[in-house]
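See structure below.
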Amino acid sequence: MKFTLKIWRQKDSKSKGKFETYQIDNIPSDASFLEMLDILNDELVRKGEEPVAFDHDCREGICGMCSLHINGRAHGPDEDVTTCQLFMRKFKDGDTIWVEPWRAKGFPVIKDLIVDRSAFDKILQAGGYISVNTGNAPDANNIPIPKDDADVAMDAATCIGCGACVATCKNSSAMLFVAAKVSHLAHLPQGRIEAKRRVKAMIDKMEELGFGSCTNTGSCEVECPKNISITHIAKLNREFLKANLDV
Amino acid sequence: MVRFIAKTTVGQKFWMSITGLFLIIFLAVHLTANLMIVFDDTGELYNEVVHFMGTNPIIRIMEPVLALGFIIHIILATILTLRNQGMRPVNYHVHKLGHTSSWASRNMFILGLTILAFLTLHIINFWVKLKFGGVGTVTIDGVEMEDGYTMVATLFSMPVYSIIYVIAVLGLAYHISHGFWSAFQTIGWSNEKWRRILTGCAYCYAVIIAVGFSIIPIYFLIK
């Protein structure tokens, strides 16, 4: 397959970036988007040019490193996938593909297509944990948890912190990410002890780090590779209200 | 609680929702009163409704509360929207949101501004006239009252005004189609089951508002 690529190039966080155009040919339709970028980089290196910097780790769809906005959509045109699971057969031969990094105040660009997502780590550090005594692993089912609660908590826990929710949101809001973390722990008895402190601390940190507020457009849940529902945002709002009313 | 309202966007949105739901209830009352106009050709029924609204103590108390509801809703919307505007310093070259979210949900502030523009016109045309004169009087059952019916009939005899009115009502309906369920989501009253019910209710209510208010200019047009 043959493509025209319009890729955002930016030397470092302080430089002003711009789009560069690359022509690429002989791409197998079964290549993933990241493999296509590997092929491009191989060509660039052979020509003595600077390769395109992009983030990746597991290439199994679970690390959430690839902060790529492709043709106007977070992680490109396929549903419920990260970029390594997006295959070139999803595009038409001869297509022009625009590749941009996540754009958000909270995610500054480091180089080319790589953004700094450490804001998410800081939000987690503010309260996305439970305090337990260390030691041997506890026996399974030591704490009985209703199946429905365990299922909802597990759905929320699938969040990989990729930032697609922020990237696609018109307000660059991180509410789906924070909601997934808060809702996951709020549904489990282990998380109830610090629930009030957690939700306040995480929301404060989210606002401090430059993320917008939620207007419930629902774009985030559509682009989320793990299909996390915005009903978790309702749960977050409920937890936040309860924490502030102290009930 | 003060910190909750003043410091966090989630708190500000909570009060956006509460005032929004209050305004939704107000619209139901407003529409009910308005629709009385089509049930009596002589205008007596409508004039009695206008008189009741102007003299009933509960309605009198609620009028400034309503104004406060509007003001809080508008101020918080402006604060939140301005803050959100600054959260993407560099825009995307291509950003496709058309199939991931509804048009209304992405343009609540624009729709709100449209409603505010109409509201200003509406207050000048109706509320100011009723409050500070400019409306004739009529005597029904020995009680002298403002002739609201003639005032409404005169306004809707102008096709331009009728068109502006219907456009504003459609904008309002779009605003509600998202705002209704979004308010419940923001105060935390939603889950997978209730989300479906509330979005359904939002669309139904939006249609009721659009059709209900539009009936009045159409009624005067074909009368």
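A note on labels: chains of the structure tokens are A, B, ... as shown, every chain counts residues from 1, and ligands are counted from 1 in their shown order.
Neighbouring residues of Lys11 in chain A at 12 Å or closer, counting only C-alpha atoms and skipping chain neighbours under 5 positions away, are Lys16, Gly17, Lys18, Phe19, Glu50, Pro51, Val52, Ala53, Val109, Ile110, Lys111, Asp112, Leu113 and Ile114 of chain A.
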How would the residues just chosen look if you wrote them out with N, CA and C atoms as a compact mmCIF listing (two decimals), in the first residue's frame?
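New file out.txt:
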# COMPACT_ATOMS: atom_id res chain seq x y z
N LYS A 16 9.32 25.37 17.88
CA LYS A 16 8.03 25.44 17.21
C LYS A 16 8.01 24.31 16.17
N GLY A 17 6.99 23.50 16.19
CA GLY A 17 6.95 22.38 15.26
C GLY A 17 6.23 22.71 13.98
N LYS A 18 6.29 21.76 13.02
CA LYS A 18 5.51 21.91 11.79
C LYS A 18 5.27 20.53 11.16
N PHE A 19 4.32 20.49 10.22
CA PHE A 19 4.05 19.22 9.54
C PHE A 19 5.07 19.00 8.42
N GLU A 50 16.79 12.56 10.22
CA GLU A 50 16.36 12.31 11.61
C GLU A 50 15.07 11.47 11.59
N PRO A 51 15.06 10.30 12.27
CA PRO A 51 13.82 9.50 12.29
C PRO A 51 12.72 10.20 13.12
N VAL A 52 11.46 9.81 12.86
CA VAL A 52 10.32 10.39 13.59
C VAL A 52 10.29 9.77 14.99
N ALA A 53 10.30 10.61 16.02
CA ALA A 53 10.24 10.08 17.39
C ALA A 53 8.79 9.80 17.77
N VAL A 109 4.27 18.56 24.47
CA VAL A 109 5.04 17.75 23.50
C VAL A 109 6.52 17.78 23.89
N ILE A 110 7.17 16.61 23.91
CA ILE A 110 8.60 16.53 24.23
C ILE A 110 9.40 16.58 22.93
N LYS A 111 8.98 15.76 21.97
CA LYS A 111 9.65 15.71 20.66
C LYS A 111 8.72 15.02 19.67
N ASP A 112 8.63 15.56 18.47
CA ASP A 112 7.79 15.00 17.40
C ASP A 112 6.41 14.54 17.92
N LEU A 113 6.25 13.21 18.04
CA LEU A 113 4.94 12.66 18.41
C LEU A 113 4.91 12.18 19.86
N ILE A 114 5.93 12.52 20.61
CA ILE A 114 6.00 12.06 22.01
C ILE A 114 5.54 13.19 22.93
request  = Give as a PyMOL selection string every residue of chain B that touches chain A within 9 Å, counting only C-alpha atoms.
outcome  = chain B and resi 1+3-4+7-11+13-14+80-81+83-97+99-106+108+178+182+184-192+195
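With only C-alpha atoms as the atoms that count, the minimum distance from Ser162 in chain B to the choices B:Ile215, B:Ile176, B:Ile208, B:Leu116 is reached by B:Ile215.
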Residues within 12 Å of Met36 in chain A, only C-alpha atoms, excluding chain neighbours under 6 positions, as a PyMOL selection string = chain A and resi 1-5+23-30+42-43+52+54+83-89+97
Write out as a PDB file with C-alpha atoms, in the first residue's frame all residues of range 41-247 of chain A that backbone DSSP assigns to alpha helix (DSSP H).
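See states_36.pdb below for the written result:
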ATOM      1  CA  ASN A  41      12.083   5.549  10.077  1.00  0.00           C
ATOM      2  CA  ASP A  42      14.247   2.848   8.502  1.00  0.00           C
ATOM      3  CA  GLU A  43      14.064   4.733   5.192  1.00  0.00           C
ATOM      4  CA  LEU A  44      14.811   8.054   6.892  1.00  0.00           C
ATOM      5  CA  VAL A  45      17.851   6.641   8.708  1.00  0.00           C
ATOM      6  CA  ARG A  46      19.189   5.133   5.451  1.00  0.00           C
ATOM      7  CA  SER A 118       3.499  12.390  33.732  1.00  0.00           C
ATOM      8  CA  ALA A 119       0.516  14.555  34.779  1.00  0.00           C
ATOM      9  CA  PHE A 120      -1.437  11.277  35.002  1.00  0.00           C
ATOM     10  CA  ASP A 121       1.215   9.819  37.325  1.00  0.00           C
ATOM     11  CA  LYS A 122       0.944  12.899  39.541  1.00  0.00           C
ATOM     12  CA  ILE A 123      -2.853  12.527  39.708  1.00  0.00           C
ATOM     13  CA  LEU A 124      -2.406   8.867  40.724  1.00  0.00           C
ATOM     14  CA  GLN A 125       0.200   9.799  43.317  1.00  0.00           C
ATOM     15  CA  ALA A 126      -2.313  12.253  44.813  1.00  0.00           C
ATOM     16  CA  GLY A 127      -4.700   9.458  45.806  1.00  0.00           C
ATOM     17  CA  LYS A 147     -20.064  -9.977  41.870  1.00  0.00           C
ATOM     18  CA  ASP A 148     -21.695  -6.851  40.373  1.00  0.00           C
ATOM     19  CA  ASP A 149     -19.329  -4.549  42.288  1.00  0.00           C
ATOM     20  CA  ALA A 150     -16.305  -6.632  41.345  1.00  0.00           C
ATOM     21  CA  ASP A 151     -17.346  -6.499  37.677  1.00  0.00           C
ATOM     22  CA  VAL A 152     -17.786  -2.706  37.641  1.00  0.00           C
ATOM     23  CA  ALA A 153     -14.506  -2.213  39.525  1.00  0.00           C
ATOM     24  CA  MET A 154     -12.753  -4.494  37.026  1.00  0.00           C
ATOM     25  CA  ASP A 155     -14.218  -2.557  34.069  1.00  0.00           C
ATOM     26  CA  ALA A 156     -12.834   0.677  35.532  1.00  0.00           C
ATOM     27  CA  ALA A 157      -9.501  -0.952  36.351  1.00  0.00           C
ATOM     28  CA  ALA A 164      -6.979   9.238  24.595  1.00  0.00           C
ATOM     29  CA  CYS A 165      -9.846  10.698  26.684  1.00  0.00           C
ATOM     30  CA  VAL A 166      -7.942  13.948  27.214  1.00  0.00           C
ATOM     31  CA  ALA A 167      -6.724  13.995  23.617  1.00  0.00           C
ATOM     32  CA  THR A 168     -10.174  13.743  22.077  1.00  0.00           C
ATOM     33  CA  MET A 175     -12.396  13.281  33.965  1.00  0.00           C
ATOM     34  CA  LEU A 176     -12.691   9.813  32.398  1.00  0.00           C
ATOM     35  CA  PHE A 177      -9.201   8.857  33.591  1.00  0.00           C
ATOM     36  CA  VAL A 178      -9.780  10.187  37.123  1.00  0.00           C
ATOM     37  CA  ALA A 179     -13.273   8.647  37.152  1.00  0.00           C
ATOM     38  CA  ALA A 180     -11.905   5.219  36.186  1.00  0.00           C
ATOM     39  CA  LYS A 181      -9.357   5.319  39.020  1.00  0.00           C
ATOM     40  CA  VAL A 182     -11.763   6.681  41.648  1.00  0.00           C
ATOM     41  CA  SER A 183     -14.662   4.424  40.608  1.00  0.00           C
ATOM     42  CA  HIS A 184     -12.440   1.319  40.549  1.00  0.00           C
ATOM     43  CA  LEU A 185     -11.385   1.818  44.179  1.00  0.00           C
ATOM     44  CA  ALA A 186     -14.741   3.211  45.372  1.00  0.00           C
ATOM     45  CA  PRO A 189     -14.186  -2.372  50.379  1.00  0.00           C
ATOM     46  CA  GLN A 190     -10.401  -1.923  50.344  1.00  0.00           C
ATOM     47  CA  GLY A 191     -10.859   1.460  48.692  1.00  0.00           C
ATOM     48  CA  ARG A 192     -13.657   2.807  50.908  1.00  0.00           C
ATOM     49  CA  ALA A 195     -12.488   7.272  49.504  1.00  0.00           C
ATOM     50  CA  LYS A 196     -13.228  10.847  50.631  1.00  0.00           C
ATOM     51  CA  ARG A 197      -9.617  11.925  50.845  1.00  0.00           C
ATOM     52  CA  ARG A 198      -8.844  10.259  47.514  1.00  0.00           C
ATOM     53  CA  VAL A 199     -11.542  11.895  45.403  1.00  0.00           C
ATOM     54  CA  LYS A 200     -10.778  15.385  46.725  1.00  0.00           C
ATOM     55  CA  ALA A 201      -7.027  15.009  46.283  1.00  0.00           C
ATOM     56  CA  MET A 202      -7.253  13.569  42.781  1.00  0.00           C
ATOM     57  CA  ILE A 203      -9.700  16.227  41.542  1.00  0.00           C
ATOM     58  CA  ASP A 204      -7.576  19.011  43.062  1.00  0.00           C
ATOM     59  CA  LYS A 205      -4.485  17.621  41.347  1.00  0.00           C
ATOM     60  CA  MET A 206      -6.310  17.202  38.025  1.00  0.00           C
ATOM     61  CA  GLU A 207      -7.389  20.860  38.065  1.00  0.00           C
ATOM     62  CA  GLU A 208      -3.973  22.079  39.169  1.00  0.00           C
ATOM     63  CA  SER A 219     -16.306  11.566  23.026  1.00  0.00           C
ATOM     64  CA  CYS A 220     -13.883  10.101  25.580  1.00  0.00           C
ATOM     65  CA  GLU A 221     -15.732   6.820  26.013  1.00  0.00           C
ATOM     66  CA  VAL A 222     -15.950   6.361  22.235  1.00  0.00           C
ATOM     67  CA  GLU A 223     -12.185   6.843  21.793  1.00  0.00           C
ATOM     68  CA  THR A 231     -21.146   6.412  33.897  1.00  0.00           C
ATOM     69  CA  HIS A 232     -17.929   6.176  35.926  1.00  0.00           C
ATOM     70  CA  ILE A 233     -17.812   9.997  35.682  1.00  0.00           C
ATOM     71  CA  ALA A 234     -21.257  10.069  37.327  1.00  0.00           C
ATOM     72  CA  LYS A 235     -19.813   7.848  40.059  1.00  0.00           C
ATOM     73  CA  LEU A 236     -16.867  10.255  40.434  1.00  0.00           C
ATOM     74  CA  ASN A 237     -19.245  13.226  40.734  1.00  0.00           C
ATOM     75  CA  ARG A 238     -21.286  11.293  43.320  1.00  0.00           C
ATOM     76  CA  GLU A 239     -18.180  10.433  45.342  1.00  0.00           C
ATOM     77  CA  PHE A 240     -16.976  14.051  45.165  1.00  0.00           C
ATOM     78  CA  LEU A 241     -20.329  15.405  46.319  1.00  0.00           C
ATOM     79  CA  LYS A 242     -20.461  12.883  49.180  1.00  0.00           C
ATOM     80  CA  ALA A 243     -16.920  13.774  50.238  1.00  0.00           C
ATOM     81  CA  ASN A 244     -17.747  17.497  50.311  1.00  0.00           C
ATOM     82  CA  LEU A 245     -21.049  17.029  52.118  1.00  0.00           C
TER      83      LEU A 245
END
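Excluding Glu63 in chain B itself and same-chain residues fewer than 3 positions from it, the residues having an atom within 12 Å of it are B:Leu23, B:Phe26, B:His30, B:Met53, B:Gly54, B:Thr55, B:Asn56, B:Pro57, B:Ile58, B:Ile59, B:Arg60, B:Leu66, B:Ala67, B:Leu68, B:Gly69, B:Phe70, B:Trp127, counting only C-alpha atoms.
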